[in-house]
>>> print(open('upload30.cif').read())   # mmCIF, C-alpha atoms and all ligand atoms
data_start
#
loop_
_atom_site.label_atom_id
_atom_site.label_comp_id
_atom_site.auth_asym_id
_atom_site.auth_seq_id
_atom_site.Cartn_x
_atom_site.Cartn_y
_atom_site.Cartn_z
CA MET A 1216 141.25 48.60 -18.10
CA ARG A 1217 144.85 49.28 -18.90
CA VAL A 1218 147.03 46.72 -17.12
CA VAL A 1219 150.72 47.62 -16.95
CA ILE A 1220 153.16 45.01 -15.66
CA LEU A 1221 156.63 46.23 -14.76
CA GLU A 1222 159.71 44.46 -13.42
CA SER A 1223 160.06 46.15 -10.05
CA ALA A 1224 158.34 48.21 -7.37
CA GLU A 1225 160.74 51.03 -8.23
CA GLN A 1226 159.48 51.05 -11.82
CA VAL A 1227 155.88 51.09 -10.56
CA ALA A 1228 156.65 54.19 -8.48
CA GLU A 1229 158.39 55.81 -11.47
CA PHE A 1230 155.39 55.03 -13.67
CA GLY A 1231 153.06 56.53 -11.05
CA ALA A 1232 155.18 59.65 -10.75
CA THR A 1233 155.17 60.20 -14.52
CA PHE A 1234 151.40 59.69 -14.55
CA PHE A 1235 150.95 62.40 -11.91
CA VAL A 1236 153.49 64.76 -13.50
CA ASN A 1237 151.65 64.52 -16.83
CA GLN A 1238 148.36 65.22 -15.10
CA ILE A 1239 149.71 68.33 -13.36
CA VAL A 1240 151.55 69.58 -16.46
CA ASN A 1241 148.37 69.22 -18.52
CA LYS A 1242 146.15 70.81 -15.87
CA SER A 1243 147.92 72.88 -13.26
CA ASN A 1244 144.79 73.19 -11.13
CA SER A 1245 144.11 69.46 -11.07
CA VAL A 1246 142.03 67.94 -8.30
CA LEU A 1247 144.00 64.91 -7.13
CA GLY A 1248 142.63 62.01 -5.11
CA LEU A 1249 145.40 60.66 -2.88
CA ALA A 1250 145.99 57.49 -0.91
CA THR A 1251 147.97 56.35 2.11
CA GLY A 1252 149.68 53.02 2.83
CA SER A 1253 153.16 51.82 2.02
CA THR A 1254 152.67 51.55 -1.75
CA PRO A 1255 152.46 55.28 -2.58
CA VAL A 1256 155.40 56.34 -0.38
CA SER A 1257 158.06 56.11 -3.10
CA LEU A 1258 155.71 57.76 -5.60
CA TYR A 1259 155.36 60.68 -3.16
CA GLU A 1260 159.16 60.85 -2.76
CA LYS A 1261 159.48 61.20 -6.52
CA LEU A 1262 156.80 63.91 -6.66
CA ILE A 1263 158.64 65.83 -3.92
CA GLU A 1264 161.83 65.64 -6.01
CA LYS A 1265 159.99 66.85 -9.12
CA ASN A 1266 158.48 69.71 -7.14
CA ASN A 1267 161.79 70.71 -5.59
CA SER A 1268 163.53 70.64 -8.96
CA GLY A 1269 160.85 72.94 -10.38
CA ALA A 1270 159.52 70.38 -12.87
CA ILE A 1271 156.01 70.63 -11.39
CA SER A 1272 154.14 72.89 -9.00
CA PHE A 1273 151.29 72.03 -6.65
CA LYS A 1274 150.44 75.70 -6.10
CA ASP A 1275 147.10 75.42 -7.88
CA VAL A 1276 146.44 71.76 -7.09
CA THR A 1277 143.70 70.60 -4.73
CA THR A 1278 143.87 67.21 -3.03
CA PHE A 1279 141.32 64.89 -1.46
CA ASN A 1280 142.45 61.83 0.44
CA LEU A 1281 140.48 58.62 0.32
CA ASP A 1282 140.05 57.93 3.99
CA GLU A 1283 140.89 58.48 7.64
CA TYR A 1284 140.63 56.51 10.87
CA TYR A 1285 137.64 57.50 12.94
CA GLY A 1286 138.74 58.65 16.38
CA LEU A 1287 142.21 59.94 15.46
CA SER A 1288 142.95 63.65 15.24
CA GLY A 1289 145.18 64.96 12.48
CA ASP A 1290 148.17 65.29 14.79
CA HIS A 1291 148.03 61.63 15.86
CA PRO A 1292 151.07 59.92 14.31
CA GLN A 1293 148.92 57.07 12.95
CA SER A 1294 146.31 59.34 11.40
CA TYR A 1295 146.26 59.58 7.65
CA ARG A 1296 146.38 63.39 7.85
CA PHE A 1297 149.65 63.09 9.76
CA PHE A 1298 150.95 60.56 7.22
CA MET A 1299 150.16 62.89 4.32
CA GLN A 1300 151.84 65.85 6.02
CA GLN A 1301 154.97 63.78 6.67
CA LYS A 1302 155.16 61.96 3.35
CA LEU A 1303 154.06 64.70 0.97
CA PHE A 1304 152.32 67.92 1.96
CA ASP A 1305 155.06 69.36 4.20
CA HIS A 1306 157.60 69.01 1.38
CA ILE A 1307 155.73 70.49 -1.59
CA ASP A 1308 154.30 73.89 -2.48
CA VAL A 1309 150.64 72.88 -2.09
CA ALA A 1310 148.50 75.40 -0.16
CA PRO A 1311 147.58 73.82 3.20
CA GLU A 1312 143.93 74.81 2.77
CA SER A 1313 143.84 72.97 -0.57
CA THR A 1314 144.56 69.60 1.05
CA HIS A 1315 141.58 67.62 2.28
CA VAL A 1316 141.55 64.49 4.44
CA PRO A 1317 138.33 63.33 6.12
CA SER A 1318 138.26 64.57 9.67
CA GLY A 1319 138.80 61.66 12.08
CA ASP A 1320 137.96 63.57 15.23
CA CYS A 1321 134.79 65.35 14.10
CA ALA A 1322 131.77 65.50 16.41
CA ASP A 1323 129.40 64.11 13.78
CA PRO A 1324 131.16 61.71 11.38
CA HIS A 1325 128.05 61.15 9.25
CA GLN A 1326 127.72 64.88 8.64
CA ALA A 1327 131.48 65.15 8.00
CA CYS A 1328 131.19 62.46 5.30
CA LYS A 1329 128.30 64.29 3.65
CA GLU A 1330 130.27 67.54 3.66
CA TYR A 1331 133.34 65.79 2.23
CA GLU A 1332 131.27 64.68 -0.77
CA GLN A 1333 129.94 68.21 -1.21
CA GLU A 1334 133.46 69.62 -1.03
CA ILE A 1335 134.63 67.26 -3.81
CA GLN A 1336 131.69 68.43 -5.92
CA ARG A 1337 132.46 72.08 -5.15
CA TYR A 1338 135.90 71.61 -6.71
CA GLY A 1339 134.37 70.04 -9.80
CA GLY A 1340 135.18 66.41 -8.99
CA ILE A 1341 138.44 64.49 -8.94
CA ASP A 1342 140.62 64.50 -12.05
CA LEU A 1343 142.98 61.69 -11.07
CA GLN A 1344 142.45 59.29 -8.20
CA LEU A 1345 145.32 57.23 -6.84
CA LEU A 1346 144.48 53.87 -5.26
CA GLY A 1347 146.30 51.09 -3.48
CA ILE A 1348 144.62 47.75 -2.95
CA GLY A 1349 144.20 45.68 0.18
CA ARG A 1350 144.97 41.97 0.21
CA ASN A 1351 141.21 41.50 0.47
CA GLY A 1352 140.61 43.73 -2.57
CA HIS A 1353 139.59 46.83 -0.63
CA ILE A 1354 140.03 50.28 -2.14
CA GLY A 1355 140.12 53.15 0.32
CA PHE A 1356 138.51 51.57 3.35
CA ASN A 1357 135.76 50.02 1.24
CA GLU A 1358 135.98 46.51 2.56
CA PRO A 1359 134.44 43.47 0.85
CA SER A 1360 130.62 43.75 0.85
CA SER A 1361 130.80 47.54 0.33
CA SER A 1362 128.10 48.63 -2.06
CA ILE A 1363 129.44 49.53 -5.50
CA GLY A 1364 127.29 52.68 -5.36
CA SER A 1365 128.49 53.70 -1.90
CA ARG A 1366 129.38 57.31 -1.04
CA THR A 1367 131.71 58.76 1.58
CA ARG A 1368 130.60 57.25 4.88
CA VAL A 1369 131.60 55.63 8.15
CA LYS A 1370 132.83 52.11 7.56
CA SER A 1371 133.90 49.25 9.83
CA LEU A 1372 137.28 47.72 9.10
CA THR A 1373 137.59 43.97 8.68
CA TYR A 1374 139.70 41.96 11.13
CA GLU A 1375 142.11 41.34 8.25
CA THR A 1376 142.64 45.06 7.61
CA VAL A 1377 142.99 45.79 11.32
CA ARG A 1378 145.58 43.01 11.50
CA ASP A 1379 147.42 44.23 8.37
CA ASN A 1380 147.66 47.75 9.81
CA ALA A 1381 148.47 46.69 13.38
CA ARG A 1382 152.17 46.97 12.52
CA PHE A 1383 151.85 50.76 12.55
CA PHE A 1384 150.42 50.92 16.09
CA GLY A 1385 152.32 50.54 19.34
CA GLU A 1386 151.45 47.72 21.73
CA ASN A 1387 149.55 49.96 24.12
CA GLU A 1388 147.97 52.14 21.47
CA THR A 1389 144.28 51.77 20.70
CA GLN A 1390 143.84 50.90 17.05
CA PRO A 1391 140.68 52.28 15.46
CA THR A 1392 138.27 49.82 13.89
CA LEU A 1393 136.12 52.44 12.17
CA SER A 1394 136.98 54.78 9.34
CA LEU A 1395 135.60 57.56 7.21
CA THR A 1396 136.10 56.63 3.59
CA MET A 1397 135.13 57.80 0.14
CA GLY A 1398 132.64 55.30 -1.26
CA ILE A 1399 133.16 53.13 -4.31
CA GLY A 1400 130.59 55.30 -6.11
CA THR A 1401 132.63 58.38 -5.16
CA ILE A 1402 135.85 56.79 -6.46
CA LEU A 1403 134.22 55.71 -9.73
CA GLU A 1404 133.30 59.34 -10.45
CA ALA A 1405 136.97 60.35 -10.69
CA ARG A 1406 137.80 61.13 -14.31
CA LYS A 1407 140.92 58.97 -14.24
CA ILE A 1408 142.06 56.28 -11.82
CA LEU A 1409 145.53 54.87 -11.20
CA LEU A 1410 145.81 51.79 -8.98
CA MET A 1411 149.29 50.74 -7.91
CA ALA A 1412 150.15 47.37 -6.37
CA THR A 1413 153.44 45.71 -5.59
CA GLY A 1414 154.49 42.45 -3.97
CA GLU A 1415 153.28 38.90 -3.94
CA SER A 1416 150.76 39.51 -1.17
CA LYS A 1417 148.67 41.55 -3.63
CA ALA A 1418 148.70 38.97 -6.45
CA ASP A 1419 145.35 37.33 -5.59
CA ALA A 1420 143.57 40.66 -5.12
CA ILE A 1421 144.92 41.96 -8.44
CA ALA A 1422 143.86 38.81 -10.30
CA TYR A 1423 140.35 39.05 -8.86
CA ALA A 1424 140.10 42.79 -9.54
CA VAL A 1425 141.20 42.46 -13.18
CA GLU A 1426 139.89 39.07 -14.23
CA GLY A 1427 137.19 38.19 -11.72
CA ALA A 1428 133.52 39.02 -11.93
CA ILE A 1429 132.49 42.47 -10.73
CA SER A 1430 131.50 41.85 -7.17
CA ALA A 1431 131.18 43.55 -3.81
CA SER A 1432 133.37 40.69 -2.54
CA CYS A 1433 136.30 42.40 -4.22
CA PRO A 1434 135.71 46.17 -4.16
CA ALA A 1435 138.55 46.78 -6.65
CA SER A 1436 136.71 44.68 -9.27
CA SER A 1437 134.26 47.62 -9.52
CA LEU A 1438 137.01 49.46 -11.43
CA GLN A 1439 136.06 47.31 -14.42
CA LEU A 1440 133.08 49.68 -14.72
CA HIS A 1441 135.32 52.74 -14.98
CA PRO A 1442 136.17 54.10 -18.46
CA ASP A 1443 139.73 55.24 -17.68
CA THR A 1444 141.48 53.07 -15.11
CA THR A 1445 145.14 52.08 -15.22
CA ILE A 1446 146.36 49.28 -12.99
CA VAL A 1447 150.14 49.20 -12.64
CA VAL A 1448 151.80 46.31 -10.86
CA ASP A 1449 155.23 44.82 -10.41
CA LYS A 1450 155.98 41.28 -11.51
CA ALA A 1451 155.35 39.86 -8.04
CA ALA A 1452 151.82 41.30 -7.93
CA SER A 1453 151.07 39.98 -11.44
CA THR A 1454 151.76 36.30 -10.77
CA GLU A 1455 148.11 35.22 -10.39
CA LEU A 1456 146.91 36.97 -13.58
CA SER A 1457 146.14 34.46 -16.33
CA ASP A 1458 146.52 36.80 -19.30
CA VAL A 1459 149.93 38.36 -18.63
CA GLU A 1460 151.14 37.90 -22.21
CA PHE A 1461 148.10 39.66 -23.58
CA TYR A 1462 148.52 42.65 -21.23
CA LEU A 1463 152.20 42.95 -22.18
CA ASP A 1464 151.29 42.78 -25.85
CA VAL A 1465 148.56 45.41 -25.51
CA GLU A 1466 150.99 47.72 -23.74
CA GLU A 1467 153.65 47.23 -26.42
CA LYS A 1468 151.16 48.06 -29.17
CA ARG A 1469 149.89 51.04 -27.23
CA LEU A 1470 153.39 52.46 -26.86
CA ALA A 1471 154.15 51.83 -30.54
CA LEU A 1472 150.96 53.64 -31.52
CA GLU A 1473 151.82 56.57 -29.24
CA GLN A 1474 155.29 56.82 -30.83
CA GLN A 1475 153.71 56.74 -34.26
CA LEU A 1476 151.29 59.54 -33.35
CA ILE A 1477 154.19 61.65 -32.06
CA VAL A 1478 156.12 61.08 -35.31
CA ASN A 1479 152.99 61.92 -37.36
CA SER A 1480 152.31 65.12 -35.46
CA ALA A 1481 155.98 66.20 -35.78
CA ALA A 1482 155.78 65.61 -39.53
CA ALA A 1483 152.47 67.46 -39.94
P1 LIG A 1501 149.54 49.17 1.38
O1 LIG A 1501 147.97 49.37 1.59
O2 LIG A 1501 149.96 50.13 0.32
O3 LIG A 1501 150.14 49.50 2.71
O4 LIG A 1501 149.75 47.76 0.97
C1 LIG A 1501 147.13 49.45 0.49
C2 LIG A 1501 145.68 49.47 0.94
O5 LIG A 1501 145.36 48.85 1.96
O6 LIG A 1501 144.88 50.11 0.26
#
>>> encode(input="upload30.cif", output="structure tokens", more="lines below")
Ligand code: PGA
Amino acid sequence: MRVVILESAEQVAEFGATFFVNQIVNKSNSVLGLATGSTPVSLYEKLIEKNNSGAISFKDVTTFNLDEYYGLSGDHPQSYRFFMQQKLFDHIDVAPESTHVPSGDCADPHQACKEYEQEIQRYGGIDLQLLGIGRNGHIGFNEPSSSIGSRTRVKSLTYETVRDNARFFGENETQPTLSLTMGIGTILEARKILLMATGESKADAIAYAVEGAISASCPASSLQLHPDTTIVVDKAASTELSDVEFYLDVEEKRLALEQQLIVNSAAA
């Protein structure tokens, strides 16, 4: 795993934006796996800017979101479809039919999950999957105890996640306790993964994910099995890692090597 530790949340968003820009520049018809939550919001703002300035286009891009609340339709302000429209899709040149979010108000959620998997396959799989991380180590809505081989399915939310997300719901609004989520097995099939985390409240989850044993108790620890995962955190989210110096050193050497390769190829 590549572990990148940056000073601030702003730098994490900038890093994420560059990561996505490079992906789209290298492959204009990329299949992107997207995430909701507060962490990706500033990354999406930066991608909107890059799109509006003409630096990148989403015209040929396809997107698949990780998850959706079961029971909410796409026009419900707390649905993840609504979030994605507001925070990204309505402001970029992506074709509406190329954006996929599991359907929260489908008649048969089990069938909808199966079809979501098939749709990902139909597009040739996900090139780059963006992830946040829950304080309990969840990725998507794969809560602790989720099978590492799990596929897109209906999943119960933990009390902790329901509590963490309660801030988005009004007092008299019913908050869903079920979701449709890509499985951990689905996520691990993405060719590249970028997990972003900021703030002290994520420090324990990050330490477990990076340095703990691979375990269903911390779904993000399953990323240790993935051949191309980058975890980018701000200083606050890195405080429980024991090997910070090593990660900083690895990153410095990596950048130096990249520079060297650029110089070599310019000279060749
Ligand atoms: P957050 O959520 O970005 O709002 O912290 C992340 C997650 O729960 O996956």
>>> closest_atom_pairs(input="upload30.cif", of="chain A", to="ligand LIG 1501 (chain A)", cutoff="6 Å", atoms="all atoms listed in the file", output="JSON lines")
{"residue": "A:Gly1252", "atom": "CA", "partner": "A:LIG1501", "partner_atom": "O3", "distance": 3.6}
{"residue": "A:Ser1253", "atom": "CA", "partner": "A:LIG1501", "partner_atom": "O3", "distance": 3.9}
{"residue": "A:Thr1254", "atom": "CA", "partner": "A:LIG1501", "partner_atom": "O2", "distance": 3.7}
{"residue": "A:Gly1347", "atom": "CA", "partner": "A:LIG1501", "partner_atom": "O6", "distance": 4.1}
{"residue": "A:Ile1348", "atom": "CA", "partner": "A:LIG1501", "partner_atom": "O6", "distance": 4.0}
{"residue": "A:Gly1349", "atom": "CA", "partner": "A:LIG1501", "partner_atom": "O5", "distance": 3.8}
{"residue": "A:Ile1354", "atom": "CA", "partner": "A:LIG1501", "partner_atom": "O6", "distance": 5.4}
{"residue": "A:Gly1355", "atom": "CA", "partner": "A:LIG1501", "partner_atom": "O6", "distance": 5.6}
>>> residues_around(input="upload30.cif", residues="Val1256 in chain A", least_positions_apart="6", cutoff="10 Å", atoms="all atoms listed in the file", output="list in words")
Ala1228, Ala1250, Leu1262, Phe1298, Met1299, Lys1302 and Leu1303 of chain A
>>> residues_around(input="upload30.cif", residues="Glu1332 in chain A", least_positions_apart="6", cutoff="8 Å", atoms="only C-alpha atoms", output="PyMOL selection string")
chain A and resi 1366-1367+1397+1401
>>> axis_aligned_box(input="upload30.cif", around="range 1267-1280 of chain A", padding_each_side="4 Å", output="lines of an AutoDock Vina configuration file")
center_x = 152.4
center_y = 68.8
center_z = -6.2
size_x = 30.2
size_y = 21.9
size_z = 21.3
>>> atom_distance(input="upload30.cif", atom1="CA of Ile1477 in chain A", atom2="CA of His1441 in chain A")
27.0 Å
